[in-house]
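Asker: Sending over a structure as structure tokens; questions will come in a sec.
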Amino acid sequence: MLKTKLDALVSEKNTERGLKEFADPLQVAKRFSDPYIALMCALFSYGSAKNIMKFLESLDFTLIDKEEKKIIEGVKDLKYRFQTSEDIKQIFITFARLKKAYDLEEIFTKPYKKSGKLVDGIKNFINLVYQINNYTSKGYTHFFGTAWQNEPKSPLKRYNMFLRWMVRKDELDMGLWKQISTKDLLIPLDTHTQKMALNLGLLKRKSYDFKAVLELTQKLKEYDFNDPIKYDFALYRLGQGGASGA
């Protein structure tokens with residue numbers, strides 16, 4: 001019965017109409033169909049959805065393709081929660097350097113192809129960020145995150161959401177990348193998603209961490225082994241709307 005309910009929700013929510021129902025950073029990312037812009041949108045996705053959207057709408061994403069002098073001139077008096085104006089300048093500079101010198105898909109997929117684990121691709125990206133720009137601050141580190149030794153403790157929600165956008169292909173997600181299997185995606189565990197998963201009995205672990213991500217992803221594979229993360233957006237919208245799951 002739960003699978004039937006979730007499949008019906010996917011049919012309803014994984015649509016253009018479902019996406020536009022509430023503010024969502026994917027609305028901005030889809031206008032450009034550019035993985036670099038999509039990743040920036042995803043990594044700024046913390047806080048209330050309305051505030052995220054308002055901030056993303058204020059950004060000039062063309063700066064990613066400009067010289068660093070133009071970036072410094074173009075990013076003035078922009079702040080977002082933990083990120084200062086200088087942090088945002090440096091974030092744009094990092095993205096400009098990445099786009100000029102690297103293929104973003106390859107950064108994420110090369111380690112994944114070796115191990116079969118997408119977290120290795122995420123770790124590779126994070127390590128590279130600090131190699132190409134040695135700027136450090138609380139806001140900059142919060143934005144990109146930090147690499148881990150053995151297994152991440154963080155749910156890596158923003159990175160997993162970005163990968164969902166890039167890999168899955170339907171009315172909701174963009175499917176720009178073809179080298180990653182949907183079966184290897186991990187749930188972008190949000191507090192709304194976690195709450196719904198607990199209420200529905202899909203998740204037992206109450207800690208908001210990477211182990212909870214693995215547990216919920218594995219559970220969703222029972223409903224669709226090849227595309228478990230198709231349920232993510234529907235669960236998120238349910239939790240966002242305050243549904244009890246009863």
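Every chain in the structure tokens takes a letter, A first, then B, and so on in the order presented; its residues are numbered from 1, and the ligands are numbered from 1 following the presented order.
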Would you pick out the contacts of Gly139 of chain A at 7 Å or less, using only C-alpha atoms, so that residues sharing its chain but fewer than 4 positions from it are not included, and give the list as a PDB file with N, CA, C and O atoms, in the first residue's frame?
Answerer:
ATOM      1  N   PHE A  82      25.599  32.587   5.859  1.00  0.00           N
ATOM      2  CA  PHE A  82      26.968  32.432   6.356  1.00  0.00           C
ATOM      3  C   PHE A  82      28.011  33.013   5.399  1.00  0.00           C
ATOM      4  O   PHE A  82      29.173  33.116   5.746  1.00  0.00           O
ATOM      5  N   GLN A  83      27.597  33.352   4.166  1.00  0.00           N
ATOM      6  CA  GLN A  83      28.556  33.829   3.173  1.00  0.00           C
ATOM      7  C   GLN A  83      28.614  35.361   3.127  1.00  0.00           C
ATOM      8  O   GLN A  83      27.581  36.021   2.911  1.00  0.00           O
ATOM      9  N   THR A  84      29.810  35.896   3.323  1.00  0.00           N
ATOM     10  CA  THR A  84      30.042  37.329   3.186  1.00  0.00           C
ATOM     11  C   THR A  84      30.182  37.686   1.710  1.00  0.00           C
ATOM     12  O   THR A  84      30.254  36.801   0.844  1.00  0.00           O
ATOM     13  N   ASP A  87      33.263  36.078   0.454  1.00  0.00           N
ATOM     14  CA  ASP A  87      33.046  34.638   0.237  1.00  0.00           C
ATOM     15  C   ASP A  87      32.406  34.398  -1.129  1.00  0.00           C
ATOM     16  O   ASP A  87      32.812  33.496  -1.867  1.00  0.00           O
ATOM     17  N   PHE A 143      29.971  26.458   2.497  1.00  0.00           N
ATOM     18  CA  PHE A 143      29.414  26.330   1.156  1.00  0.00           C
ATOM     19  C   PHE A 143      29.875  25.040   0.478  1.00  0.00           C
ATOM     20  O   PHE A 143      29.059  24.263  -0.030  1.00  0.00           O
TER      21      PHE A 143
END
Asker: Quick one: residues within 9 Å of Leu78 of chain A, only C-alpha atoms, excluding same-chain residues fewer than 5 positions away - as a PDB file with N, CA and C atoms, in the first residue's frame?
Answerer:
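Resulting contents of out_1.pdb:
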ATOM      1  N   PHE A  55      17.683  34.888  -3.234  1.00  0.00           N
ATOM      2  CA  PHE A  55      19.115  35.104  -3.394  1.00  0.00           C
ATOM      3  C   PHE A  55      19.588  34.647  -4.772  1.00  0.00           C
ATOM      4  N   SER A  58      19.080  36.951  -7.514  1.00  0.00           N
ATOM      5  CA  SER A  58      19.913  38.156  -7.492  1.00  0.00           C
ATOM      6  C   SER A  58      21.292  37.936  -8.120  1.00  0.00           C
ATOM      7  N   LEU A  59      21.641  36.699  -8.427  1.00  0.00           N
ATOM      8  CA  LEU A  59      22.979  36.383  -8.925  1.00  0.00           C
ATOM      9  C   LEU A  59      23.087  36.528 -10.444  1.00  0.00           C
ATOM     10  N   GLN A  83      27.597  33.352   4.166  1.00  0.00           N
ATOM     11  CA  GLN A  83      28.556  33.829   3.173  1.00  0.00           C
ATOM     12  C   GLN A  83      28.614  35.361   3.127  1.00  0.00           C
ATOM     13  N   THR A  84      29.810  35.896   3.323  1.00  0.00           N
ATOM     14  CA  THR A  84      30.042  37.329   3.186  1.00  0.00           C
ATOM     15  C   THR A  84      30.182  37.686   1.710  1.00  0.00           C
ATOM     16  N   SER A  85      30.275  38.975   1.427  1.00  0.00           N
ATOM     17  CA  SER A  85      30.484  39.424   0.054  1.00  0.00           C
ATOM     18  C   SER A  85      31.788  38.861  -0.507  1.00  0.00           C
ATOM     19  N   GLU A  86      32.841  38.833   0.317  1.00  0.00           N
ATOM     20  CA  GLU A  86      34.120  38.285  -0.125  1.00  0.00           C
ATOM     21  C   GLU A  86      34.010  36.785  -0.395  1.00  0.00           C
ATOM     22  N   ILE A  88      31.401  35.193  -1.456  1.00  0.00           N
ATOM     23  CA  ILE A  88      30.672  35.003  -2.708  1.00  0.00           C
ATOM     24  C   ILE A  88      31.562  35.323  -3.911  1.00  0.00           C
ATOM     25  N   LYS A  89      32.393  36.342  -3.785  1.00  0.00           N
ATOM     26  CA  LYS A  89      33.375  36.638  -4.841  1.00  0.00           C
ATOM     27  C   LYS A  89      34.275  35.425  -5.070  1.00  0.00           C
TER      28      LYS A  89
END
Asker: Please build the interface table for segment 52-169 of chain A against segment 18-31 of chain A with a cut-off of 12 Å, listing for each qualifying residue the nearest atom pair and the distance in Å to one decimal; count only C-alpha atoms, order rows by chain and increasing number, and write it as a Markdown table.
Answerer:
| residue | atom | partner | partner_atom | distance |
| --- | --- | --- | --- | --- |
| A:Ile52 | CA | A:Pro25 | CA | 6.9 |
| A:Met53 | CA | A:Pro25 | CA | 5.9 |
| A:Lys54 | CA | A:Ala23 | CA | 9.3 |
| A:Phe55 | CA | A:Pro25 | CA | 9.9 |
| A:Leu56 | CA | A:Val28 | CA | 7.3 |
| A:Glu57 | CA | A:Val28 | CA | 7.5 |
| A:Ser58 | CA | A:Val28 | CA | 10.9 |
| A:Leu59 | CA | A:Val28 | CA | 10.5 |
| A:Asp60 | CA | A:Val28 | CA | 11.8 |
| A:Phe61 | CA | A:Ala29 | CA | 10.3 |
| A:Arg158 | CA | A:Pro25 | CA | 10.9 |
| A:Met161 | CA | A:Leu26 | CA | 9.5 |
| A:Phe162 | CA | A:Leu26 | CA | 9.0 |
| A:Leu163 | CA | A:Leu26 | CA | 11.9 |
| A:Arg164 | CA | A:Leu26 | CA | 10.6 |
| A:Trp165 | CA | A:Leu26 | CA | 7.8 |
| A:Met166 | CA | A:Lys30 | CA | 10.4 |
Asker: Mind writing the picked residues with all heavy atoms as a compact mmCIF listing (two decimals), in the first residue's frame?
Answerer:
# COMPACT_ATOMS: atom_id res chain seq x y z
N ILE A 52 16.21 31.22 -0.39
CA ILE A 52 17.15 30.66 -1.37
C ILE A 52 16.83 31.20 -2.76
O ILE A 52 17.71 31.70 -3.48
CB ILE A 52 17.08 29.11 -1.39
CG1 ILE A 52 17.59 28.51 -0.08
CG2 ILE A 52 17.90 28.54 -2.56
CD1 ILE A 52 17.23 27.05 0.13
N MET A 53 15.56 31.13 -3.12
CA MET A 53 15.13 31.60 -4.45
C MET A 53 15.41 33.08 -4.63
O MET A 53 15.91 33.51 -5.68
CB MET A 53 13.65 31.31 -4.65
CG MET A 53 13.34 29.89 -5.00
SD MET A 53 13.87 29.45 -6.68
CE MET A 53 12.65 30.32 -7.63
N LYS A 54 15.11 33.87 -3.63
CA LYS A 54 15.33 35.31 -3.70
C LYS A 54 16.80 35.61 -3.94
O LYS A 54 17.16 36.47 -4.76
CB LYS A 54 14.86 35.98 -2.40
CG LYS A 54 14.94 37.50 -2.43
CD LYS A 54 14.43 38.10 -1.11
CE LYS A 54 14.56 39.61 -1.13
NZ LYS A 54 14.09 40.20 0.17
N PHE A 55 17.68 34.89 -3.23
CA PHE A 55 19.11 35.10 -3.39
C PHE A 55 19.59 34.65 -4.77
O PHE A 55 20.33 35.37 -5.46
CB PHE A 55 19.90 34.37 -2.30
CG PHE A 55 21.38 34.52 -2.47
CD1 PHE A 55 22.01 35.72 -2.20
CD2 PHE A 55 22.15 33.46 -2.92
CE1 PHE A 55 23.38 35.87 -2.38
CE2 PHE A 55 23.52 33.60 -3.11
CZ PHE A 55 24.13 34.81 -2.83
N LEU A 56 19.17 33.45 -5.20
CA LEU A 56 19.60 32.94 -6.51
C LEU A 56 19.16 33.87 -7.64
O LEU A 56 19.89 34.05 -8.61
CB LEU A 56 19.05 31.53 -6.74
CG LEU A 56 19.60 30.42 -5.85
CD1 LEU A 56 18.94 29.08 -6.17
CD2 LEU A 56 21.12 30.30 -5.98
N GLU A 57 17.98 34.46 -7.49
CA GLU A 57 17.48 35.39 -8.50
C GLU A 57 18.36 36.65 -8.59
O GLU A 57 18.37 37.33 -9.61
CB GLU A 57 16.03 35.79 -8.21
CG GLU A 57 15.03 34.65 -8.26
CD GLU A 57 14.64 34.26 -9.68
OE1 GLU A 57 15.26 34.74 -10.63
OE2 GLU A 57 13.70 33.44 -9.81
N SER A 58 19.08 36.95 -7.51
CA SER A 58 19.91 38.16 -7.49
C SER A 58 21.29 37.94 -8.12
O SER A 58 22.04 38.89 -8.32
CB SER A 58 20.09 38.64 -6.04
OG SER A 58 21.02 37.81 -5.35
N LEU A 59 21.64 36.70 -8.43
CA LEU A 59 22.98 36.38 -8.92
C LEU A 59 23.09 36.53 -10.44
O LEU A 59 22.15 36.18 -11.18
CB LEU A 59 23.36 34.95 -8.54
CG LEU A 59 23.51 34.65 -7.04
CD1 LEU A 59 23.85 33.18 -6.84
CD2 LEU A 59 24.56 35.53 -6.40
N ASP A 60 24.23 37.01 -10.88
CA ASP A 60 24.54 37.07 -12.31
C ASP A 60 25.44 35.88 -12.63
O ASP A 60 26.66 35.95 -12.48
CB ASP A 60 25.24 38.40 -12.63
CG ASP A 60 25.65 38.51 -14.10
OD1 ASP A 60 25.33 37.59 -14.88
OD2 ASP A 60 26.31 39.51 -14.45
N PHE A 61 24.83 34.80 -13.08
CA PHE A 61 25.58 33.57 -13.32
C PHE A 61 26.55 33.68 -14.51
O PHE A 61 27.44 32.86 -14.63
CB PHE A 61 24.62 32.39 -13.53
CG PHE A 61 23.86 32.00 -12.29
CD1 PHE A 61 22.51 32.30 -12.18
CD2 PHE A 61 24.48 31.35 -11.24
CE1 PHE A 61 21.79 31.95 -11.04
CE2 PHE A 61 23.78 30.99 -10.10
CZ PHE A 61 22.43 31.29 -10.00
N ARG A 158 23.09 18.69 -0.18
CA ARG A 158 23.13 19.58 -1.34
C ARG A 158 23.84 18.92 -2.53
O ARG A 158 23.44 19.09 -3.67
CB ARG A 158 23.79 20.90 -0.96
CG ARG A 158 22.96 21.73 0.03
CD ARG A 158 23.72 22.93 0.57
NE ARG A 158 24.82 22.52 1.43
CZ ARG A 158 25.93 23.24 1.62
NH1 ARG A 158 26.09 24.40 0.99
NH2 ARG A 158 26.87 22.81 2.44
N MET A 161 21.50 16.23 -3.92
CA MET A 161 20.41 16.87 -4.67
C MET A 161 20.89 17.27 -6.06
O MET A 161 20.22 17.04 -7.07
CB MET A 161 19.90 18.09 -3.91
CG MET A 161 18.75 18.81 -4.61
SD MET A 161 18.05 20.14 -3.60
CE MET A 161 19.40 21.35 -3.64
N PHE A 162 22.08 17.87 -6.12
CA PHE A 162 22.67 18.25 -7.41
C PHE A 162 22.82 17.03 -8.32
O PHE A 162 22.47 17.08 -9.50
CB PHE A 162 24.04 18.90 -7.17
CG PHE A 162 24.90 18.97 -8.40
CD1 PHE A 162 24.61 19.85 -9.42
CD2 PHE A 162 26.02 18.15 -8.52
CE1 PHE A 162 25.40 19.91 -10.56
CE2 PHE A 162 26.81 18.19 -9.66
CZ PHE A 162 26.50 19.08 -10.68
N LEU A 163 23.30 15.94 -7.76
CA LEU A 163 23.49 14.73 -8.56
C LEU A 163 22.15 14.16 -9.03
O LEU A 163 22.05 13.64 -10.14
CB LEU A 163 24.29 13.69 -7.77
CG LEU A 163 25.77 14.05 -7.58
CD1 LEU A 163 26.42 13.18 -6.52
CD2 LEU A 163 26.53 13.93 -8.91
N ARG A 164 21.14 14.28 -8.22
CA ARG A 164 19.79 13.87 -8.66
C ARG A 164 19.37 14.70 -9.87
O ARG A 164 18.88 14.16 -10.87
CB ARG A 164 18.77 14.08 -7.53
CG ARG A 164 17.42 13.42 -7.75
CD ARG A 164 16.33 14.06 -6.89
NE ARG A 164 15.76 15.22 -7.57
CZ ARG A 164 15.13 16.22 -6.96
NH1 ARG A 164 15.02 16.25 -5.63
NH2 ARG A 164 14.62 17.21 -7.66
N TRP A 165 19.56 16.01 -9.80
CA TRP A 165 19.22 16.89 -10.92
C TRP A 165 19.95 16.48 -12.19
O TRP A 165 19.39 16.49 -13.27
CB TRP A 165 19.60 18.34 -10.61
CG TRP A 165 18.88 19.00 -9.49
CD1 TRP A 165 17.80 18.53 -8.78
CD2 TRP A 165 19.20 20.28 -8.93
NE1 TRP A 165 17.44 19.44 -7.82
CE2 TRP A 165 18.27 20.52 -7.89
CE3 TRP A 165 20.17 21.24 -9.20
CZ2 TRP A 165 18.29 21.70 -7.13
CZ3 TRP A 165 20.20 22.41 -8.45
CH2 TRP A 165 19.27 22.64 -7.42
N MET A 166 21.24 16.15 -12.03
CA MET A 166 22.09 15.88 -13.19
C MET A 166 21.84 14.50 -13.82
O MET A 166 21.98 14.33 -15.02
CB MET A 166 23.57 15.95 -12.79
CG MET A 166 24.09 17.34 -12.48
SD MET A 166 24.01 18.47 -13.89
CE MET A 166 22.51 19.37 -13.48
Asker: Just list the residues in segment 121-180 of chain A DSSP gives helix (DSSP H, G or I) on the backbone, as a ChimeraX atom specification.
Answerer: /A:121-132,138-144,157-167
Asker: Can you write just those residues out, N, CA, C and O atoms, as a CSV table (one decimal), in the first residue's frame?
Answerer:
chain,number,residue,atom,x,y,z
A,121,GLY,N,33.2,10.6,-5.7
A,121,GLY,CA,33.2,11.7,-6.7
A,121,GLY,C,33.0,13.1,-6.0
A,121,GLY,O,33.6,14.1,-6.3
A,122,ILE,N,32.1,13.1,-5.0
A,122,ILE,CA,31.9,14.3,-4.2
A,122,ILE,C,33.2,14.7,-3.4
A,122,ILE,O,33.6,15.9,-3.4
A,123,LYS,N,33.8,13.7,-2.8
A,123,LYS,CA,35.1,14.0,-2.1
A,123,LYS,C,36.1,14.5,-3.1
A,123,LYS,O,36.9,15.4,-2.7
A,124,ASN,N,36.2,13.9,-4.2
A,124,ASN,CA,37.2,14.4,-5.2
A,124,ASN,C,36.9,15.9,-5.6
A,124,ASN,O,37.9,16.7,-5.7
A,125,PHE,N,35.6,16.2,-5.8
A,125,PHE,CA,35.3,17.6,-6.1
A,125,PHE,C,35.7,18.5,-4.9
A,125,PHE,O,36.3,19.6,-5.2
A,126,ILE,N,35.4,18.2,-3.7
A,126,ILE,CA,35.7,19.0,-2.6
A,126,ILE,C,37.2,19.2,-2.4
A,126,ILE,O,37.7,20.4,-2.2
A,127,ASN,N,38.0,18.2,-2.6
A,127,ASN,CA,39.5,18.3,-2.5
A,127,ASN,C,40.0,19.2,-3.6
A,127,ASN,O,40.9,20.0,-3.4
A,128,LEU,N,39.4,19.1,-4.8
A,128,LEU,CA,39.9,19.9,-5.9
A,128,LEU,C,39.6,21.4,-5.7
A,128,LEU,O,40.4,22.3,-6.0
A,129,VAL,N,38.5,21.7,-5.1
A,129,VAL,CA,38.1,23.1,-4.8
A,129,VAL,C,39.2,23.8,-4.0
A,129,VAL,O,39.6,24.9,-4.3
A,130,TYR,N,39.7,23.1,-3.0
A,130,TYR,CA,40.7,23.7,-2.1
A,130,TYR,C,42.1,23.8,-2.7
A,130,TYR,O,42.9,24.5,-2.3
A,131,GLN,N,42.2,22.9,-3.8
A,131,GLN,CA,43.5,23.0,-4.5
A,131,GLN,C,43.5,24.2,-5.5
A,131,GLN,O,44.6,24.8,-5.6
A,132,ILE,N,42.4,24.5,-6.1
A,132,ILE,CA,42.5,25.5,-7.1
A,132,ILE,C,42.2,26.9,-6.5
A,132,ILE,O,42.5,27.9,-7.2
A,138,LYS,N,34.9,30.7,7.2
A,138,LYS,CA,33.7,29.9,7.7
A,138,LYS,C,32.7,29.8,6.6
A,138,LYS,O,32.2,28.7,6.4
A,139,GLY,N,32.3,30.9,5.9
A,139,GLY,CA,31.3,30.8,4.9
A,139,GLY,C,31.6,30.0,3.7
A,139,GLY,O,30.8,29.3,3.2
A,140,TYR,N,32.9,30.1,3.3
A,140,TYR,CA,33.4,29.4,2.1
A,140,TYR,C,33.4,27.9,2.4
A,140,TYR,O,33.0,27.1,1.6
A,141,THR,N,33.9,27.6,3.6
A,141,THR,CA,34.0,26.1,4.0
A,141,THR,C,32.6,25.6,4.1
A,141,THR,O,32.3,24.4,3.8
A,142,HIS,N,31.6,26.3,4.7
A,142,HIS,CA,30.3,25.9,4.8
A,142,HIS,C,29.7,25.6,3.5
A,142,HIS,O,28.9,24.6,3.3
A,143,PHE,N,30.0,26.5,2.5
A,143,PHE,CA,29.4,26.3,1.2
A,143,PHE,C,29.9,25.0,0.5
A,143,PHE,O,29.1,24.3,0.0
A,144,PHE,N,31.2,24.8,0.5
A,144,PHE,CA,31.7,23.6,-0.2
A,144,PHE,C,31.8,22.4,0.6
A,144,PHE,O,31.8,21.3,0.1
A,157,LYS,N,23.5,16.5,1.7
A,157,LYS,CA,22.2,16.8,1.1
A,157,LYS,C,22.3,17.6,-0.2
A,157,LYS,O,21.8,17.2,-1.3
A,158,ARG,N,23.1,18.7,-0.2
A,158,ARG,CA,23.1,19.6,-1.3
A,158,ARG,C,23.8,18.9,-2.5
A,158,ARG,O,23.4,19.1,-3.7
A,159,TYR,N,24.9,18.2,-2.2
A,159,TYR,CA,25.6,17.5,-3.3
A,159,TYR,C,24.7,16.3,-3.9
A,159,TYR,O,24.6,16.1,-5.1
A,160,ASN,N,24.0,15.6,-3.0
A,160,ASN,CA,23.2,14.5,-3.5
A,160,ASN,C,22.0,15.1,-4.3
A,160,ASN,O,21.5,14.4,-5.3
A,161,MET,N,21.5,16.2,-3.9
A,161,MET,CA,20.4,16.9,-4.7
A,161,MET,C,20.9,17.3,-6.1
A,161,MET,O,20.2,17.0,-7.1
A,162,PHE,N,22.1,17.9,-6.1
A,162,PHE,CA,22.7,18.3,-7.4
A,162,PHE,C,22.8,17.0,-8.3
A,162,PHE,O,22.5,17.1,-9.5
A,163,LEU,N,23.3,15.9,-7.8
A,163,LEU,CA,23.5,14.7,-8.6
A,163,LEU,C,22.2,14.2,-9.0
A,163,LEU,O,22.1,13.6,-10.1
A,164,ARG,N,21.1,14.3,-8.2
A,164,ARG,CA,19.8,13.9,-8.7
A,164,ARG,C,19.4,14.7,-9.9
A,164,ARG,O,18.9,14.2,-10.9
A,165,TRP,N,19.6,16.0,-9.8
A,165,TRP,CA,19.2,16.9,-10.9
A,165,TRP,C,19.9,16.5,-12.2
A,165,TRP,O,19.4,16.5,-13.3
A,166,MET,N,21.2,16.2,-12.0
A,166,MET,CA,22.1,15.9,-13.2
A,166,MET,C,21.8,14.5,-13.8
A,166,MET,O,22.0,14.3,-15.0
A,167,VAL,N,21.5,13.5,-13.0
A,167,VAL,CA,21.5,12.1,-13.5
A,167,VAL,C,20.1,11.7,-13.8
A,167,VAL,O,19.9,11.0,-14.9
Asker: Give me the residues near segment 213-217 of chain A as a compact mmCIF listing (two decimals) with C-alpha atoms, in the first residue's frame, where near means some atom within 7 Å (using only C-alpha atoms) and where sequence neighbours in that chain fewer than 6 positions away do not count.
Answerer:
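Output below, filename selection-v2.txt:
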# COMPACT_ATOMS: atom_id res chain seq x y z
CA PRO A 155 24.19 13.71 4.87
CA LEU A 186 21.73 8.68 -2.71
CA ILE A 187 18.77 10.40 -1.09
CA LEU A 189 18.22 13.91 3.04
CA LEU A 202 10.79 4.16 5.84
CA LEU A 203 13.55 5.22 8.22
CA PRO A 228 15.13 4.78 -5.74
Asker: Would you compute the distance between atom CA of Leu6 of chain A and atom CA of Leu200 of chain A? Give it in Å to one decimal.
Answerer: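 Atom CA of Leu200 of chain A lies 10.3 Å from atom CA of Leu6 of chain A.
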Asker: Considering only C-alpha atoms, state which residue in the set A:Leu220, A:Leu63, A:Ala42, A:Val75 is at the smallest distance from Arg97 of chain A.
Answerer: A:Leu63
Asker: What is the distance, in Å and to one decimal place, between atom CA of Phe210 of chain A and atom CA of Leu172 of chain A?
Answerer: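 Between atom CA of Phe210 of chain A and atom CA of Leu172 of chain A the gap is 24.7 Å.
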Asker: For Asn14 of chain A, which residue among A:Arg168, A:Lys69, A:Lys195, A:Lys50 is the nearest when counting only C-alpha atoms?
Answerer: A:Arg168
Asker: Report, in Å to a single decimal, how far apart atom CA of Ile93 of chain A and atom CA of Lys76 of chain A are.
Answerer: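 Going from atom CA of Lys76 of chain A over to atom CA of Ile93 of chain A, I get 13.5 Å.
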Asker: List every residue of segment 18-176 of chain A that DSSP, applied to the backbone of this structure, places in strand (DSSP E or B), and write the result as a list in words.
Answerer: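 Those residues are Tyr80, Gln83, Lys169 and Met174 of chain A.
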Asker: Here is a test: counting only C-alpha atoms, which residue of A:Ile64, A:Ile229, A:Ile91, A:Lys204 is nearest to Ser137 of chain A?
Answerer: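 Answer, going by the shortest atom-to-atom distance: A:Ile91.
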Asker: I want to know what sits within 8 Å of Tyr236 of chain A, based on only C-alpha atoms, with residues of the same chain fewer than 6 positions away left out; could you give that as a ChimeraX atom specification?
Answerer: /A:190,192-193,196
Asker: For Ser207 of chain A, which residue among A:Ala234, A:Val10, A:Thr191, A:Ile37 is the nearest when counting only C-alpha atoms?
Answerer: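 For Ser207 of chain A, the nearest of the given residues is A:Thr191.
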Asker: Using only C-alpha atoms, which residue out of A:Arg17, A:Lys211, A:Arg81, A:Lys66 lies closest to Ser45 of chain A?
Answerer: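 Of the candidates, the smallest distance to Ser45 of chain A is held by A:Arg81.
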